[in-house]
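Visitor: Have a look at this one.
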Amino acid sequence: MVHNTTTPHIVTHNTSSTTMSDTTKPLSDREALAFRQIPTMIFSTASNPLTAPLPPDPSATTPPLRAAARFAVPGKAIITGGAGSLGLTVARALLEHGLTSLSLLDLPSTFTTSAAALTQLTTDFPHAQIRTYTVDVTSPPSVDETITTAATAMGGIDYLCCFAGIVCSVPSATTTPSQFTQLLDVNLTGSFLCAQAAARHMIAQGTGGSIVFTASISAYATNFPQPQVAYNVSKAGVVHMARNLAAEWAVHGIRVNSVSPGYMDTVLNEGEGLRPLREIWAQRCPMGRMGDVEEITGPFVLLCSPRAGRYITGMDLVVDGGAMTL
């Protein structure tokens, strides 16, 4: 396996005495571009064991065992936004498919409101190691420290699922710069920081892994009737980020994908005040309803599974009841 150790390319402003020689005048920023060096990606090869097909599981000797092995998710996972309804539902599904160690990352307030669900999760899976950590996904030091702590406690990272995110519906003409920036900081930059930190550990382990972002149908279409341009832009960025990281990290055996849910029946969409919007969302969906949180677990299991998802990377799976067919 070949690692790309080229120094990252950064174009900086030339404000000093950068010269071609002692007898030439300083280069302008534009002139300096002609002498820059750009790092290049390295793709995997057929001989790379991190991306080669997996051999048959020798323990899967019957059709039921082969079926179970196909979608097994053994190993260790980190889930950001892990105490929210979507994160906890996917966490339970991964544990059901063989996960042995799990680290849930979220805000202190979310852990408090989800305390009963967290207790139930540990009760239902007594043989799994389940840990919780508080994190601010917009803070690089917080992300690096927390993911390193979790990886050390678990003895490595095999999967990262990113659910941490916020939404803000504000007319674009009155959206403040801080509101716009906050959405991007949490949903897009926060997802990148977590993926970057996890990938560093996966690369150091030399065992590959899977990273799954949570995007949205908002990455593809303008939501109606609520205005939420910052959220939509952030999720479009998440989808494209997954494609880029998939290409760049494939050589390390790291698969990167995303899942785009449609309108899901979660606490974020509850309340009598949202009834008119819920009716509109359902009317604009061919299946005539919002999604149940359990209905996103299959795609996450598929994309995490080292066998079922082996040749899937750089993809976004839309789970929306057909809304994006219109």
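How things are named: the first chain in the structure tokens is A, the next is B, and so on; residues count from 1 in each chain; ligands count from 1 in the order shown.
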I need the residues in stretch 175-313 of chain A that are alpha helix (DSSP H) according to DSSP; give them as an MDAnalysis selection string.
Guide: chainID A and resid 177:183 190:205 229:249 275:283 297:304
Visitor: Find the spatial neighbours of stretch 104-121 of chain A, counting only C-alpha atoms, within a cut-off of 7 Å - ignore same-chain residues fewer than 5 positions away - and output them as a list in words.
Guide: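 My list of contacting residues is Ile78, Ile79, Thr80, Gly81, Gly82, Ala83, Gly84, Arg131, Thr132, Tyr133, Thr134 and Val135 of chain A.
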Visitor: Those same residues, written as a PDB file, in the first residue's frame with N, CA and C atoms?
Guide:
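Writing the result to result18.pdb gives the following:
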ATOM      1  N   ILE A  78     -17.924   4.791  16.245  1.00  0.00           N
ATOM      2  CA  ILE A  78     -18.184   6.080  16.870  1.00  0.00           C
ATOM      3  C   ILE A  78     -19.367   6.697  16.150  1.00  0.00           C
ATOM      4  N   ILE A  79     -20.327   7.211  16.921  1.00  0.00           N
ATOM      5  CA  ILE A  79     -21.489   7.874  16.344  1.00  0.00           C
ATOM      6  C   ILE A  79     -21.589   9.268  16.930  1.00  0.00           C
ATOM      7  N   THR A  80     -21.462  10.296  16.090  1.00  0.00           N
ATOM      8  CA  THR A  80     -21.659  11.669  16.555  1.00  0.00           C
ATOM      9  C   THR A  80     -23.146  11.994  16.485  1.00  0.00           C
ATOM     10  N   GLY A  81     -23.593  12.870  17.378  1.00  0.00           N
ATOM     11  CA  GLY A  81     -25.035  13.067  17.497  1.00  0.00           C
ATOM     12  C   GLY A  81     -25.684  11.775  17.951  1.00  0.00           C
ATOM     13  N   GLY A  82     -24.917  10.974  18.693  1.00  0.00           N
ATOM     14  CA  GLY A  82     -25.318   9.618  19.023  1.00  0.00           C
ATOM     15  C   GLY A  82     -26.434   9.501  20.044  1.00  0.00           C
ATOM     16  N   ALA A  83     -26.763  10.580  20.746  1.00  0.00           N
ATOM     17  CA  ALA A  83     -27.843  10.527  21.729  1.00  0.00           C
ATOM     18  C   ALA A  83     -29.159  11.038  21.179  1.00  0.00           C
ATOM     19  N   GLY A  84     -29.162  11.462  19.909  1.00  0.00           N
ATOM     20  CA  GLY A  84     -30.403  11.877  19.276  1.00  0.00           C
ATOM     21  C   GLY A  84     -31.199  10.680  18.792  1.00  0.00           C
ATOM     22  N   ARG A 131     -19.926   3.523  25.527  1.00  0.00           N
ATOM     23  CA  ARG A 131     -19.394   4.680  26.246  1.00  0.00           C
ATOM     24  C   ARG A 131     -19.997   5.948  25.665  1.00  0.00           C
ATOM     25  N   THR A 132     -20.046   6.995  26.483  1.00  0.00           N
ATOM     26  CA  THR A 132     -20.549   8.289  26.023  1.00  0.00           C
ATOM     27  C   THR A 132     -19.497   9.363  26.269  1.00  0.00           C
ATOM     28  N   TYR A 133     -19.430  10.305  25.328  1.00  0.00           N
ATOM     29  CA  TYR A 133     -18.469  11.405  25.423  1.00  0.00           C
ATOM     30  C   TYR A 133     -19.138  12.689  24.945  1.00  0.00           C
ATOM     31  N   THR A 134     -18.894  13.783  25.657  1.00  0.00           N
ATOM     32  CA  THR A 134     -19.376  15.072  25.190  1.00  0.00           C
ATOM     33  C   THR A 134     -18.371  15.655  24.203  1.00  0.00           C
ATOM     34  N   VAL A 135     -18.884  16.351  23.191  1.00  0.00           N
ATOM     35  CA  VAL A 135     -18.009  16.909  22.163  1.00  0.00           C
ATOM     36  C   VAL A 135     -18.673  18.118  21.527  1.00  0.00           C
TER      37      VAL A 135
END
Visitor: Between atom CA of A:Leu317 and atom CA of A:Thr100, what is the distance, to one decimal in Å?
Guide: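 Atom-to-atom, atom CA of A:Leu317 to atom CA of A:Thr100, that is 25.5 Å.
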Visitor: Excluding A:Gly321 and residues on its chain fewer than 5 positions from it, collect all residues at most 9 Å away from it, counting only C-alpha atoms, and give them as a list in words.
Guide: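 What passes the distance filter is Gly262, Cys285, Pro286, Met287, Gly288, Arg289, Met290 and Gly291 of chain A.
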Visitor: Can you pull out the residues contacting A:Asp265? Cut-off 8 Å, using only C-alpha atoms, and skip same-chain residues under 3 positions away; I want them as an MDAnalysis selection string.
Guide: chainID A and resid 268:270 290:293
Visitor: From the list A:Gln283, A:Thr176, A:Ser101, A:Gln196, which residue is nearest A:Val143 when using only C-alpha atoms?
Guide: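 Ranked by minimum distance to A:Val143, first place goes to A:Gln196.
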Visitor: So what do you get for atom CA of A:Ala230 versus atom CA of A:Thr175, distance-wise?
Guide: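 A separation of 8.7 Å between them.
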Visitor: From the list A:Leu302, A:Leu188, A:Met324, A:Arg255, which residue is nearest A:Ala221 when using only C-alpha atoms?
Guide: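 Of all the options, A:Met324 lies closest to A:Ala221.
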Visitor: Select from stretch 155-180 of chain A every residue with an atom at most 9 Å from any atom of stretch 191-195 of chain A, then for each give the shortest pair of atoms and their distance in Å to one decimal, using only C-alpha atoms, rows by chain and rising number, as CSV.
Guide:
residue,atom,partner,partner_atom,distance
A:Leu160,CA,A:Ala195,CA,7.3
A:Cys161,CA,A:Ala195,CA,8.9
A:Cys162,CA,A:Ser191,CA,6.4
A:Phe163,CA,A:Ser191,CA,8.4
A:Ala164,CA,A:Ser191,CA,7.6
A:Gly165,CA,A:Ser191,CA,8.6
Visitor: Run DSSP on the backbone and tell me which residues of stretch 110-257 of chain A come out as strand (DSSP E or B); list them as a list in words.
Guide: Gln129, Ile130, Arg131, Thr132, Tyr133, Thr134, Tyr159, Leu160, Cys161, Cys162, Gly209, Ser210, Ile211, Val212, Phe213, Thr214, Ile254, Arg255, Val256 and Asn257 of chain A
Visitor: Considering only C-alpha atoms, tabulate each residue of stretch 204-249 of chain A that lies at most 10 Å from stretch 39-48 of chain A along with its nearest interatomic pair and the corresponding distance in Å to one decimal; arrange the rows by chain and ascending residue number and present them as a Markdown table.
Guide:
| residue | atom | partner | partner_atom | distance |
| --- | --- | --- | --- | --- |
| A:Ala247 | CA | A:Phe43 | CA | 7.4 |
| A:Glu248 | CA | A:Met41 | CA | 5.9 |
| A:Trp249 | CA | A:Phe43 | CA | 8.2 |
Visitor: Generate the output file for the selected residues, N, CA and C atoms, as a PDB file, in the first residue's frame.
Guide:
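Contents of the output file out_36.pdb:
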ATOM      1  N   ALA A 247     -12.797   9.169  -2.863  1.00  0.00           N
ATOM      2  CA  ALA A 247     -11.739   9.041  -3.862  1.00  0.00           C
ATOM      3  C   ALA A 247     -10.362   9.150  -3.217  1.00  0.00           C
ATOM      4  N   GLU A 248     -10.225  10.063  -2.283  1.00  0.00           N
ATOM      5  CA  GLU A 248      -8.913  10.334  -1.692  1.00  0.00           C
ATOM      6  C   GLU A 248      -8.469   9.258  -0.711  1.00  0.00           C
ATOM      7  N   TRP A 249      -9.425   8.671   0.020  1.00  0.00           N
ATOM      8  CA  TRP A 249      -9.056   7.731   1.083  1.00  0.00           C
ATOM      9  C   TRP A 249      -9.238   6.264   0.707  1.00  0.00           C
TER      10      TRP A 249
END
